[in-house]
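Printed here is upload-v7.cif (mmCIF, C-alpha atoms):
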data_run
#
loop_
_atom_site.label_atom_id
_atom_site.label_comp_id
_atom_site.auth_asym_id
_atom_site.auth_seq_id
_atom_site.Cartn_x
_atom_site.Cartn_y
_atom_site.Cartn_z
CA MET A 1 -5.81 45.04 32.56
CA THR A 2 -9.13 43.48 33.54
CA THR A 3 -10.62 45.05 36.64
CA ALA A 4 -11.81 41.77 38.02
CA ARG A 5 -13.81 41.71 41.21
CA GLY A 6 -15.48 38.88 43.01
CA ARG A 7 -14.73 35.26 42.10
CA GLY A 8 -12.97 34.73 45.40
CA ARG A 9 -10.57 37.65 44.97
CA ARG A 10 -9.26 38.90 48.27
CA PRO A 11 -10.12 42.33 49.67
CA GLY A 12 -7.28 44.73 50.56
CA GLY A 13 -5.51 44.60 53.90
CA VAL A 14 -2.65 43.01 55.78
CA ASP A 15 -3.44 39.49 54.59
CA THR A 16 -3.56 40.61 50.97
CA ARG A 17 -0.16 42.24 51.20
CA ALA A 18 1.26 39.11 52.79
CA ALA A 19 -0.41 36.91 50.16
CA ILE A 20 1.16 39.03 47.39
CA ILE A 21 4.61 38.63 48.95
CA VAL A 22 4.15 34.86 49.25
CA ALA A 23 3.08 34.71 45.61
CA ALA A 24 6.01 36.92 44.54
CA ARG A 25 8.47 34.70 46.37
CA GLY A 26 7.07 31.70 44.52
CA GLN A 27 7.31 33.43 41.15
CA PHE A 28 10.86 34.73 41.71
CA ALA A 29 11.96 31.29 42.87
CA ALA A 30 10.35 29.49 39.95
CA LYS A 31 11.03 31.96 37.13
CA GLY A 32 13.80 34.28 38.27
CA TYR A 33 13.51 38.03 38.44
CA ASP A 34 13.17 38.88 34.77
CA LYS A 35 10.47 36.39 33.89
CA ALA A 36 8.34 36.88 36.99
CA SER A 37 5.47 39.27 36.26
CA ILE A 38 3.14 41.44 38.33
CA ARG A 39 0.26 39.83 36.44
CA GLY A 40 1.44 36.31 37.34
CA ILE A 41 2.04 37.26 40.96
CA ALA A 42 -1.44 38.81 41.18
CA ARG A 43 -2.95 35.65 39.71
CA ASP A 44 -1.12 33.41 42.20
CA ALA A 45 -2.18 35.67 45.07
CA GLY A 46 -5.78 35.70 43.86
CA VAL A 47 -5.91 39.50 43.57
CA ASP A 48 -6.25 42.10 40.84
CA PRO A 49 -2.92 43.34 39.40
CA ALA A 50 -3.98 46.90 40.35
CA LEU A 51 -3.89 45.84 43.99
CA VAL A 52 -0.27 44.71 43.61
CA HIS A 53 0.56 48.14 42.22
CA HIS A 54 -1.33 49.71 45.11
CA TYR A 55 0.90 48.01 47.68
CA PHE A 56 4.23 47.97 45.86
CA ALA A 57 5.98 50.55 43.69
CA GLY A 58 7.00 47.87 41.22
CA LYS A 59 8.69 44.54 40.68
CA ALA A 60 12.00 45.71 42.21
CA GLN A 61 10.36 46.77 45.45
CA LEU A 62 8.39 43.55 45.54
CA PHE A 63 11.65 41.66 45.03
CA ALA A 64 13.28 43.53 47.92
CA GLU A 65 10.31 42.72 50.16
CA THR A 66 10.63 39.09 49.18
CA VAL A 67 14.31 39.08 50.06
CA ASP A 68 13.57 40.70 53.39
CA LEU A 69 10.99 38.10 54.30
CA SER A 70 12.96 35.13 53.11
CA VAL A 71 15.84 36.16 55.34
CA ASP A 72 13.86 38.03 58.03
CA PRO A 73 16.24 40.79 59.13
CA THR A 74 14.57 41.21 62.53
CA VAL A 75 15.26 37.63 63.49
CA VAL A 76 18.74 37.76 61.95
CA VAL A 77 19.86 40.98 63.59
CA GLY A 78 18.18 39.99 66.86
CA ARG A 79 19.98 36.66 67.07
CA ILE A 80 23.29 38.17 66.10
CA PHE A 81 23.28 40.89 68.73
CA GLU A 82 22.36 38.64 71.61
CA GLY A 83 25.38 37.57 73.59
CA ASP A 84 29.10 38.22 73.65
CA PRO A 85 30.41 40.79 71.10
CA ALA A 86 33.64 38.78 70.94
CA ARG A 87 31.64 35.92 69.33
CA LEU A 88 29.62 38.05 66.90
CA GLY A 89 31.36 36.65 63.80
CA TRP A 90 30.48 33.09 64.81
CA ARG A 91 26.84 34.05 65.40
CA VAL A 92 26.61 35.66 61.94
CA ILE A 93 27.59 32.49 60.09
CA GLU A 94 25.67 30.22 62.48
CA THR A 95 22.50 32.27 62.04
CA PHE A 96 22.66 32.31 58.25
CA LEU A 97 23.44 28.60 57.94
CA LEU A 98 20.44 27.89 60.14
CA LEU A 99 18.24 30.18 58.03
CA TRP A 100 19.38 28.45 54.85
CA ASP A 101 18.96 24.90 56.13
CA PRO A 102 15.31 24.31 55.12
CA PRO A 103 15.29 23.21 51.45
CA GLU A 104 12.50 25.66 50.47
CA ARG A 105 14.45 28.63 51.88
CA ARG A 106 17.59 27.46 50.13
CA GLN A 107 15.65 27.28 46.88
CA VAL A 108 14.61 30.92 47.33
CA LEU A 109 18.20 31.87 48.16
CA VAL A 110 19.49 30.23 44.98
CA ALA A 111 16.81 31.98 42.92
CA LEU A 112 17.70 35.32 44.50
CA LEU A 113 21.41 34.85 43.90
CA ARG A 114 20.70 33.96 40.27
CA SER A 115 18.37 36.92 39.79
CA SER A 116 20.91 39.30 41.24
CA MET A 117 23.56 38.05 38.83
CA THR A 118 21.48 38.31 35.67
CA SER A 119 19.33 41.39 36.11
CA ASP A 120 20.33 44.96 36.93
CA GLU A 121 17.18 45.42 38.98
CA GLY A 122 17.87 42.20 40.87
CA ALA A 123 21.45 43.32 41.48
CA ARG A 124 20.32 46.69 42.75
CA ALA A 125 17.72 45.13 45.04
CA LEU A 126 20.21 42.69 46.56
CA ARG A 127 22.94 45.35 46.84
CA GLU A 128 20.65 47.78 48.62
CA PHE A 129 19.28 45.07 50.86
CA LEU A 130 22.71 43.78 51.89
CA ASN A 131 24.08 47.27 52.42
CA ARG A 132 21.19 48.71 54.33
CA GLU A 133 19.66 45.84 56.19
CA ILE A 134 22.34 43.34 57.02
CA PHE A 135 26.03 44.09 56.91
CA GLY A 136 25.95 47.87 57.11
CA ARG A 137 23.69 47.54 60.14
CA ILE A 138 25.87 44.95 61.85
CA ALA A 139 29.07 46.88 61.27
CA LEU A 140 27.49 50.18 62.36
CA ALA A 141 26.24 48.59 65.56
CA THR A 142 29.73 47.34 66.43
CA GLY A 143 31.05 50.90 66.15
CA ALA A 144 33.86 49.77 63.86
CA SER A 145 35.50 52.20 61.46
CA ASP A 146 34.48 52.16 57.75
CA PRO A 147 31.40 50.00 58.43
CA GLN A 148 30.35 49.83 54.77
CA LEU A 149 33.67 48.34 53.64
CA ARG A 150 33.79 45.93 56.58
CA GLY A 151 30.19 44.93 56.00
CA SER A 152 30.82 44.43 52.29
CA LEU A 153 33.88 42.22 52.81
CA ALA A 154 32.02 40.12 55.38
CA GLY A 155 29.09 40.01 52.97
CA ALA A 156 31.44 38.88 50.20
CA GLN A 157 32.65 35.96 52.33
CA MET A 158 29.05 34.94 53.09
CA LEU A 159 27.80 35.46 49.54
CA GLY A 160 30.71 33.54 48.04
CA MET A 161 30.20 30.69 50.49
CA ALA A 162 26.47 30.56 49.65
CA VAL A 163 27.19 30.59 45.90
CA MET A 164 29.82 27.86 46.15
CA ARG A 165 27.85 25.66 48.55
CA TYR A 166 24.30 26.03 47.19
CA VAL A 167 24.68 27.06 43.53
CA LEU A 168 28.02 25.70 42.28
CA LYS A 169 27.80 22.79 44.77
CA VAL A 170 31.53 22.63 45.44
CA PRO A 171 32.00 19.22 47.13
CA ALA A 172 34.20 20.38 50.03
CA LEU A 173 31.50 22.87 51.09
CA VAL A 174 28.52 20.61 50.40
CA ASP A 175 30.13 17.85 52.47
CA ALA A 176 31.25 20.08 55.37
CA PRO A 177 28.80 20.03 58.30
CA ASN A 178 27.48 23.43 59.40
CA ALA A 179 29.55 23.27 62.60
CA LEU A 180 32.80 23.03 60.62
CA ILE A 181 31.89 26.01 58.45
CA VAL A 182 31.01 28.00 61.58
CA GLU A 183 34.39 27.08 63.10
CA ARG A 184 36.23 28.27 59.97
CA LEU A 185 34.23 31.38 59.06
CA GLY A 186 33.46 32.61 62.59
CA PRO A 187 36.92 34.14 63.15
CA ILE A 188 36.97 35.47 59.56
CA LEU A 189 33.69 37.35 59.99
CA GLN A 190 34.81 38.55 63.43
CA ALA A 191 37.96 39.97 61.83
CA HIS A 192 35.96 41.70 59.10
CA LEU A 193 33.25 43.16 61.29
CA VAL A 194 34.73 43.78 64.72
CA ASP A 195 38.48 43.41 65.14
CA THR A 196 40.66 46.47 64.89
CA ALA A 197 43.80 46.44 62.79
CA PRO A 198 46.94 45.85 64.91
CA GLU A 199 48.33 49.20 66.08
CA PRO A 200 52.01 49.87 65.39
CA ASP A 201 53.98 50.20 68.66
CA MET B 1 25.42 21.60 8.76
CA THR B 2 27.01 23.20 5.70
CA THR B 3 30.49 21.88 5.09
CA ALA B 4 31.82 25.23 3.96
CA ARG B 5 35.35 25.49 2.64
CA GLY B 6 37.23 28.39 1.16
CA ARG B 7 35.95 31.98 1.46
CA GLY B 8 38.77 32.87 3.82
CA ARG B 9 38.17 29.99 6.24
CA ARG B 10 41.26 29.18 8.30
CA PRO B 11 43.11 25.89 7.97
CA GLY B 12 43.63 23.72 11.08
CA GLY B 13 46.52 24.31 13.52
CA VAL B 14 47.56 26.22 16.61
CA ASP B 15 46.25 29.56 15.32
CA THR B 16 42.88 28.04 14.54
CA ARG B 17 42.55 26.63 18.04
CA ALA B 18 43.49 30.01 19.51
CA ALA B 19 41.05 31.79 17.17
CA ILE B 20 38.24 29.48 18.30
CA ILE B 21 38.99 30.24 21.95
CA VAL B 22 39.01 33.98 21.27
CA ALA B 23 35.67 33.67 19.45
CA ALA B 24 34.23 31.53 22.28
CA ARG B 25 35.27 34.07 24.87
CA GLY B 26 33.48 36.76 22.89
CA GLN B 27 30.31 34.68 22.56
CA PHE B 28 30.24 33.67 26.23
CA ALA B 29 30.79 37.29 27.26
CA ALA B 30 28.10 38.65 24.93
CA LYS B 31 25.46 35.92 25.22
CA GLY B 32 26.20 33.91 28.35
CA TYR B 33 26.80 30.21 28.41
CA ASP B 34 23.40 28.90 27.38
CA LYS B 35 22.88 31.12 24.36
CA ALA B 36 26.40 30.85 22.96
CA SER B 37 26.52 28.23 20.19
CA ILE B 38 29.25 26.18 18.53
CA ARG B 39 27.88 27.41 15.20
CA GLY B 40 28.15 31.08 16.24
CA ILE B 41 31.63 30.56 17.68
CA ALA B 42 32.74 28.86 14.45
CA ARG B 43 31.33 31.73 12.41
CA ASP B 44 33.15 34.34 14.54
CA ALA B 45 36.38 32.35 14.30
CA GLY B 46 35.97 32.00 10.53
CA VAL B 47 36.09 28.19 10.67
CA ASP B 48 33.78 25.27 9.95
CA PRO B 49 31.77 24.06 13.00
CA ALA B 50 33.27 20.57 12.46
CA LEU B 51 36.68 22.06 13.21
CA VAL B 52 35.43 23.34 16.57
CA HIS B 53 34.23 19.83 17.37
CA HIS B 54 37.61 18.50 16.25
CA TYR B 55 39.48 20.60 18.82
CA PHE B 56 36.97 20.62 21.67
CA ALA B 57 34.75 17.90 23.14
CA GLY B 58 31.85 20.33 23.45
CA LYS B 59 30.66 23.68 24.71
CA ALA B 60 31.55 22.88 28.34
CA GLN B 61 35.17 22.11 27.48
CA LEU B 62 35.36 25.20 25.32
CA PHE B 63 33.99 27.19 28.23
CA ALA B 64 36.62 25.75 30.58
CA GLU B 65 39.36 26.63 28.09
CA THR B 66 38.00 30.14 27.92
CA VAL B 67 38.06 30.44 31.69
CA ASP B 68 41.59 29.12 31.81
CA LEU B 69 42.80 31.62 29.28
CA SER B 70 41.00 34.58 30.73
CA VAL B 71 42.63 33.94 34.08
CA ASP B 72 45.82 32.19 32.91
CA PRO B 73 46.57 29.73 35.73
CA THR B 74 50.28 29.52 34.86
CA VAL B 75 50.79 33.21 35.45
CA VAL B 76 48.56 33.20 38.51
CA VAL B 77 50.13 30.23 40.24
CA GLY B 78 53.61 31.39 39.24
CA ARG B 79 53.19 34.85 40.73
CA ILE B 80 51.58 33.52 43.87
CA PHE B 81 54.36 31.05 44.70
CA GLU B 82 57.20 33.47 44.20
CA GLY B 83 58.37 34.97 47.47
CA ASP B 84 57.64 34.62 51.16
CA PRO B 85 55.06 31.93 52.12
CA ALA B 86 54.04 34.17 55.04
CA ARG B 87 52.70 36.70 52.47
CA LEU B 88 50.95 34.21 50.17
CA GLY B 89 47.44 35.43 51.06
CA TRP B 90 48.34 38.98 50.06
CA ARG B 91 49.79 37.81 46.75
CA VAL B 92 46.62 35.85 45.93
CA ILE B 93 44.35 38.89 46.18
CA GLU B 94 46.94 41.23 44.61
CA THR B 95 47.38 38.92 41.63
CA PHE B 96 43.67 38.52 40.97
CA LEU B 97 42.90 42.23 41.31
CA LEU B 98 45.66 42.91 38.79
CA LEU B 99 44.28 40.27 36.42
CA TRP B 100 40.81 41.76 36.64
CA ASP B 101 41.86 45.38 36.19
CA PRO B 102 41.65 45.55 32.36
CA PRO B 103 37.99 46.28 31.46
CA GLU B 104 37.85 43.55 28.77
CA ARG B 105 39.02 40.90 31.26
CA ARG B 106 36.55 42.13 33.83
CA GLN B 107 33.79 41.84 31.24
CA VAL B 108 34.75 38.20 30.66
CA LEU B 109 34.84 37.61 34.42
CA VAL B 110 31.34 39.05 34.84
CA ALA B 111 30.06 36.89 31.97
CA LEU B 112 31.67 33.81 33.50
CA LEU B 113 30.21 34.50 36.92
CA ARG B 114 26.77 34.98 35.36
CA SER B 115 27.07 31.80 33.28
CA SER B 116 28.10 29.80 36.30
CA MET B 117 25.05 31.01 38.23
CA THR B 118 22.48 30.28 35.56
CA SER B 119 23.64 27.10 33.85
CA ASP B 120 24.50 23.72 35.32
CA GLU B 121 27.23 23.23 32.74
CA GLY B 122 28.65 26.66 33.54
CA ALA B 123 28.53 25.88 37.25
CA ARG B 124 30.29 22.57 36.72
CA ALA B 125 32.98 24.16 34.55
CA LEU B 126 33.70 26.91 37.07
CA ARG B 127 33.58 24.50 40.02
CA GLU B 128 36.02 22.10 38.39
CA PHE B 129 38.28 24.91 37.30
CA LEU B 130 38.40 26.56 40.74
CA ASN B 131 38.88 23.25 42.52
CA ARG B 132 41.50 21.80 40.25
CA GLU B 133 43.42 24.71 38.90
CA ILE B 134 43.41 27.48 41.44
CA PHE B 135 42.54 27.00 45.07
CA GLY B 136 43.04 23.28 45.40
CA ARG B 137 46.47 23.71 43.87
CA ILE B 138 47.41 26.61 46.11
CA ALA B 139 46.26 24.90 49.26
CA LEU B 140 47.95 21.60 48.30
CA ALA B 141 51.23 23.38 47.64
CA THR B 142 51.17 24.98 51.08
CA GLY B 143 50.92 21.52 52.64
CA ALA B 144 47.97 22.63 54.77
CA SER B 145 45.46 20.11 56.09
CA ASP B 146 42.08 19.72 54.29
CA PRO B 147 43.26 21.69 51.25
CA GLN B 148 39.94 21.42 49.40
CA LEU B 149 37.97 23.02 52.25
CA ARG B 150 40.62 25.70 52.76
CA GLY B 151 40.77 26.39 49.05
CA SER B 152 36.99 26.55 48.80
CA LEU B 153 36.64 29.01 51.67
CA ALA B 154 39.39 31.21 50.22
CA GLY B 155 37.70 30.87 46.83
CA ALA B 156 34.40 31.88 48.40
CA GLN B 157 35.95 35.08 49.75
CA MET B 158 37.44 35.90 46.32
CA LEU B 159 34.31 34.94 44.38
CA GLY B 160 32.05 36.92 46.71
CA MET B 161 34.30 39.96 46.45
CA ALA B 162 34.33 39.70 42.64
CA VAL B 163 30.53 39.36 42.52
CA MET B 164 29.95 42.29 44.87
CA ARG B 165 32.57 44.56 43.26
CA TYR B 166 32.07 43.78 39.57
CA VAL B 167 28.50 42.43 39.22
CA LEU B 168 26.44 43.93 42.06
CA LYS B 169 28.66 47.05 42.10
CA VAL B 170 28.47 47.55 45.86
CA PRO B 171 29.74 51.15 46.35
CA ALA B 172 32.16 50.45 49.23
CA LEU B 173 34.00 47.86 47.08
CA VAL B 174 33.83 49.80 43.81
CA ASP B 175 35.26 52.87 45.54
CA ALA B 176 37.98 51.03 47.49
CA PRO B 177 41.39 51.16 45.76
CA ASN B 178 43.02 47.80 45.04
CA ALA B 179 45.65 48.44 47.75
CA LEU B 180 42.98 48.74 50.45
CA ILE B 181 41.30 45.49 49.37
CA VAL B 182 44.70 43.76 49.40
CA GLU B 183 45.32 45.09 52.92
CA ARG B 184 41.98 43.75 54.14
CA LEU B 185 41.78 40.42 52.30
CA GLY B 186 45.49 39.48 52.44
CA PRO B 187 45.37 38.30 56.08
CA ILE B 188 41.97 36.63 55.49
CA LEU B 189 43.29 34.54 52.57
CA GLN B 190 46.46 33.78 54.53
CA ALA B 191 44.31 32.46 57.38
CA HIS B 192 42.23 30.32 55.00
CA LEU B 193 45.10 28.88 53.00
CA VAL B 194 48.16 28.72 55.25
CA ASP B 195 47.66 29.40 58.93
CA THR B 196 47.17 26.50 61.29
CA ALA B 197 44.38 26.53 63.83
CA PRO B 198 45.58 27.50 67.32
CA GLU B 199 46.60 24.39 69.28
CA PRO B 200 45.03 23.91 72.70
CA ASP B 201 47.69 24.12 75.46
#

Entire entry expressed as structure tokens:
Amino acid sequence: MTTARGRGRRPGGVDTRAAIIVAARGQFAAKGYDKASIRGIARDAGVDPALVHHYFAGKAQLFAETVDLSVDPTVVVGRIFEGDPARLGWRVIETFLLLWDPPERRQVLVALLRSSMTSDEGARALREFLNREIFGRIALATGASDPQLRGSLAGAQMLGMAVMRYVLKVPALVDAPNALIVERLGPILQAHLVDTAPEPD
Amino acid sequence: MTTARGRGRRPGGVDTRAAIIVAARGQFAAKGYDKASIRGIARDAGVDPALVHHYFAGKAQLFAETVDLSVDPTVVVGRIFEGDPARLGWRVIETFLLLWDPPERRQVLVALLRSSMTSDEGARALREFLNREIFGRIALATGASDPQLRGSLAGAQMLGMAVMRYVLKVPALVDAPNALIVERLGPILQAHLVDTAPEPD
């Protein structure tokens, strides 16, 4: 709990907040949720730990911010809602595969998936993020019934695919080009998020 | 490396092998893959560690055996192939939800999912098991094209649902009765495993 000043430490402000998030992402990716520390994140960001606490309620909130940035919900939701609603499912999978293509983003994704599986705080952060920011929002915007269930089942298909392709490295999914996965999962996600159940005559 | 005999240690045989698997399941569930040890498993089973090595090539094989038993592929595949092929997808999800209903089995499932996310050996064991024993087998038996990809995508939907319902505890999936999940995922798994892509006219 040193109250270090000077020695190149950054002053407060927008850049500091961003620097903390960048440092947090690095720590979560390298160490996982449990072993990452506010102290270590502050050190990597070149700021005093008190400043981290000033900007973020705690490690869980910092984690959630990191998730948000590494996926960028604005870009995601923006891309997905452009264009034909009848092709929304295809755009969901296409957008995420594109987001996950750069190796450094994929590394963060794998770290996040691992953290969420092994820490209650990580699980809560990912659960809240998925529910609130991604699938709940998509399903709500389509006006479908029971948006939370639809969003969760679509999320389950995406999450499972990400786990099997990037963590378990199942050969059939590693070897499949993005276009083939889009072709297969597009109609599935469309069914989950948009399509109505067939009405009885 | 004590070569303990007597003091109630079991002799070799079918019961010993079964006792080792039961002990391994307990250790993997309580400690995860990495922290479980052959020595600890032997102690819990009341046998000499050398006997564990006699029956199993190593921790990974023991893990795979544990997975097999906790899911019981014979029962699973049997149940799934009884009845109408046009309802296979529904039977897949119905069968797994039933298997995972008892709390002690669910606990093992959660431990296995965690192990597979945090250990390369765990990931390999689960990957090989899923590929060989469950989804590859189902998709092959239906005579569908590219069975490994179909099986993997169906597996991704199941795995993601299990992670979100039992590990992340996403409310919409925790609250949904099994019957509702069967209703929603039945047609999805049918599409992945059995249905042919629409032919162009």

The PyMOL selection byres ((chain B) within 6 of (chain A)) on the file shown: which residues, as a PDB file with C-alpha atoms, in the frame of the given file?
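The resulting file, part.pdb, is shown below:
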ATOM      1  CA  ARG B 114      26.770  34.980  35.360  1.00  0.00           C
ATOM      2  CA  MET B 117      25.050  31.010  38.230  1.00  0.00           C
ATOM      3  CA  ALA B 123      28.530  25.880  37.250  1.00  0.00           C
ATOM      4  CA  GLN B 148      39.940  21.420  49.400  1.00  0.00           C
ATOM      5  CA  LEU B 149      37.970  23.020  52.250  1.00  0.00           C
ATOM      6  CA  ALA B 156      34.400  31.880  48.400  1.00  0.00           C
ATOM      7  CA  GLN B 157      35.950  35.080  49.750  1.00  0.00           C
ATOM      8  CA  LEU B 159      34.310  34.940  44.380  1.00  0.00           C
ATOM      9  CA  GLY B 160      32.050  36.920  46.710  1.00  0.00           C
ATOM     10  CA  MET B 161      34.300  39.960  46.450  1.00  0.00           C
ATOM     11  CA  LEU B 168      26.440  43.930  42.060  1.00  0.00           C
ATOM     12  CA  ALA B 172      32.160  50.450  49.230  1.00  0.00           C
TER      13      ALA B 172
END

(message) Around (7.0, 47.2, 47.8), as given in the file, which residues come within 12 Å? Count all atoms listed in the file and list them as a VMD selection string.
(response) chain A and resid 17 to 18 20 to 21 24 38 51 to 69 125

(request) Skip Leu88 (chain B) itself and residues of its chain fewer than 4 positions away, then list as a ChimeraX atom specification all residues within 9 Å of it, counting only C-alpha atoms. (result) /B:80-84,92,186,189-190,193-194

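Here CA of Glu104 (chain A) and CA of Lys31 (chain A) stand 14.8 Å from one another.
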
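As for CA of Ala141 (chain B) and CA of Phe96 (chain B), they are spaced 18.2 Å apart.
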
(message) Would you pick out the contacts of Trp100 (chain A) at 10 Å or less, using only C-alpha atoms, so that residues sharing its chain but fewer than 3 positions from it are not included, and give the list as a PyMOL selection string?
(response) chain A and resi 70-71+95-97+103-109+162+166

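When CA of Ile41 (chain A) is paired with CA of Gln27 (chain A), their separation reads 6.5 Å.
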
(request) Name the residues captured by the PyMOL selection byres ((chain A and resi 44) around 9) when it is applied to the shown file; answer as a PyMOL selection string. (result) chain A and resi 19-20+22-24+26-27+39-43+45-47

If you take every atom of region 34-49 of chain B that the file lists and fit an axis-aligned box around them with 8 Å extra on each side, what centre and edge lengths come out in Å to one decimal, as AutoDock Vina command-line options?
--center_x 29.6 --center_y 29.2 --center_z 18.7 --size_x 29.5 --size_y 26.3 --size_z 33.4

Once N, CA, C and O atoms are restored for region 172-185 of chain A, what would the output be as a PDB file, keeping the file's coordinate frame?
ATOM      1  N   ALA A 172      33.652  20.159  48.689  1.00  0.00           N
ATOM      2  CA  ALA A 172      34.200  20.380  50.030  1.00  0.00           C
ATOM      3  C   ALA A 172      33.231  21.173  50.910  1.00  0.00           C
ATOM      4  O   ALA A 172      33.182  20.978  52.121  1.00  0.00           O
ATOM      5  N   LEU A 173      32.444  22.070  50.305  1.00  0.00           N
ATOM      6  CA  LEU A 173      31.500  22.870  51.090  1.00  0.00           C
ATOM      7  C   LEU A 173      30.165  22.167  51.272  1.00  0.00           C
ATOM      8  O   LEU A 173      29.510  22.314  52.303  1.00  0.00           O
ATOM      9  N   VAL A 174      29.750  21.399  50.268  1.00  0.00           N
ATOM     10  CA  VAL A 174      28.520  20.610  50.400  1.00  0.00           C
ATOM     11  C   VAL A 174      28.689  19.568  51.504  1.00  0.00           C
ATOM     12  O   VAL A 174      27.808  19.348  52.327  1.00  0.00           O
ATOM     13  N   ASP A 175      29.870  18.939  51.520  1.00  0.00           N
ATOM     14  CA  ASP A 175      30.130  17.850  52.470  1.00  0.00           C
ATOM     15  C   ASP A 175      30.416  18.340  53.891  1.00  0.00           C
ATOM     16  O   ASP A 175      30.244  17.580  54.853  1.00  0.00           O
ATOM     17  N   ALA A 176      30.892  19.587  54.033  1.00  0.00           N
ATOM     18  CA  ALA A 176      31.250  20.080  55.370  1.00  0.00           C
ATOM     19  C   ALA A 176      29.989  20.287  56.192  1.00  0.00           C
ATOM     20  O   ALA A 176      29.038  20.912  55.720  1.00  0.00           O
ATOM     21  N   PRO A 177      29.954  19.748  57.436  1.00  0.00           N
ATOM     22  CA  PRO A 177      28.800  20.030  58.300  1.00  0.00           C
ATOM     23  C   PRO A 177      28.793  21.515  58.688  1.00  0.00           C
ATOM     24  O   PRO A 177      29.835  22.174  58.669  1.00  0.00           O
ATOM     25  N   ASN A 178      27.594  22.023  59.010  1.00  0.00           N
ATOM     26  CA  ASN A 178      27.480  23.430  59.400  1.00  0.00           C
ATOM     27  C   ASN A 178      28.488  23.816  60.484  1.00  0.00           C
ATOM     28  O   ASN A 178      29.081  24.901  60.431  1.00  0.00           O
ATOM     29  N   ALA A 179      28.678  22.932  61.474  1.00  0.00           N
ATOM     30  CA  ALA A 179      29.550  23.270  62.600  1.00  0.00           C
ATOM     31  C   ALA A 179      30.984  23.558  62.142  1.00  0.00           C
ATOM     32  O   ALA A 179      31.658  24.444  62.684  1.00  0.00           O
ATOM     33  N   LEU A 180      31.445  22.818  61.119  1.00  0.00           N
ATOM     34  CA  LEU A 180      32.800  23.030  60.620  1.00  0.00           C
ATOM     35  C   LEU A 180      32.910  24.383  59.890  1.00  0.00           C
ATOM     36  O   LEU A 180      33.894  25.110  60.038  1.00  0.00           O
ATOM     37  N   ILE A 181      31.883  24.724  59.141  1.00  0.00           N
ATOM     38  CA  ILE A 181      31.890  26.010  58.450  1.00  0.00           C
ATOM     39  C   ILE A 181      31.837  27.164  59.453  1.00  0.00           C
ATOM     40  O   ILE A 181      32.514  28.180  59.291  1.00  0.00           O
ATOM     41  N   VAL A 182      31.059  26.981  60.528  1.00  0.00           N
ATOM     42  CA  VAL A 182      31.010  28.000  61.580  1.00  0.00           C
ATOM     43  C   VAL A 182      32.393  28.175  62.211  1.00  0.00           C
ATOM     44  O   VAL A 182      32.867  29.292  62.419  1.00  0.00           O
ATOM     45  N   GLU A 183      33.054  27.050  62.475  1.00  0.00           N
ATOM     46  CA  GLU A 183      34.390  27.080  63.100  1.00  0.00           C
ATOM     47  C   GLU A 183      35.389  27.834  62.213  1.00  0.00           C
ATOM     48  O   GLU A 183      36.250  28.567  62.714  1.00  0.00           O
ATOM     49  N   ARG A 184      35.284  27.625  60.890  1.00  0.00           N
ATOM     50  CA  ARG A 184      36.230  28.270  59.970  1.00  0.00           C
ATOM     51  C   ARG A 184      35.883  29.720  59.667  1.00  0.00           C
ATOM     52  O   ARG A 184      36.765  30.569  59.558  1.00  0.00           O
ATOM     53  N   LEU A 185      34.594  30.018  59.467  1.00  0.00           N
ATOM     54  CA  LEU A 185      34.230  31.380  59.060  1.00  0.00           C
ATOM     55  C   LEU A 185      33.946  32.316  60.234  1.00  0.00           C
ATOM     56  O   LEU A 185      33.962  33.534  60.068  1.00  0.00           O
TER      57      LEU A 185
END
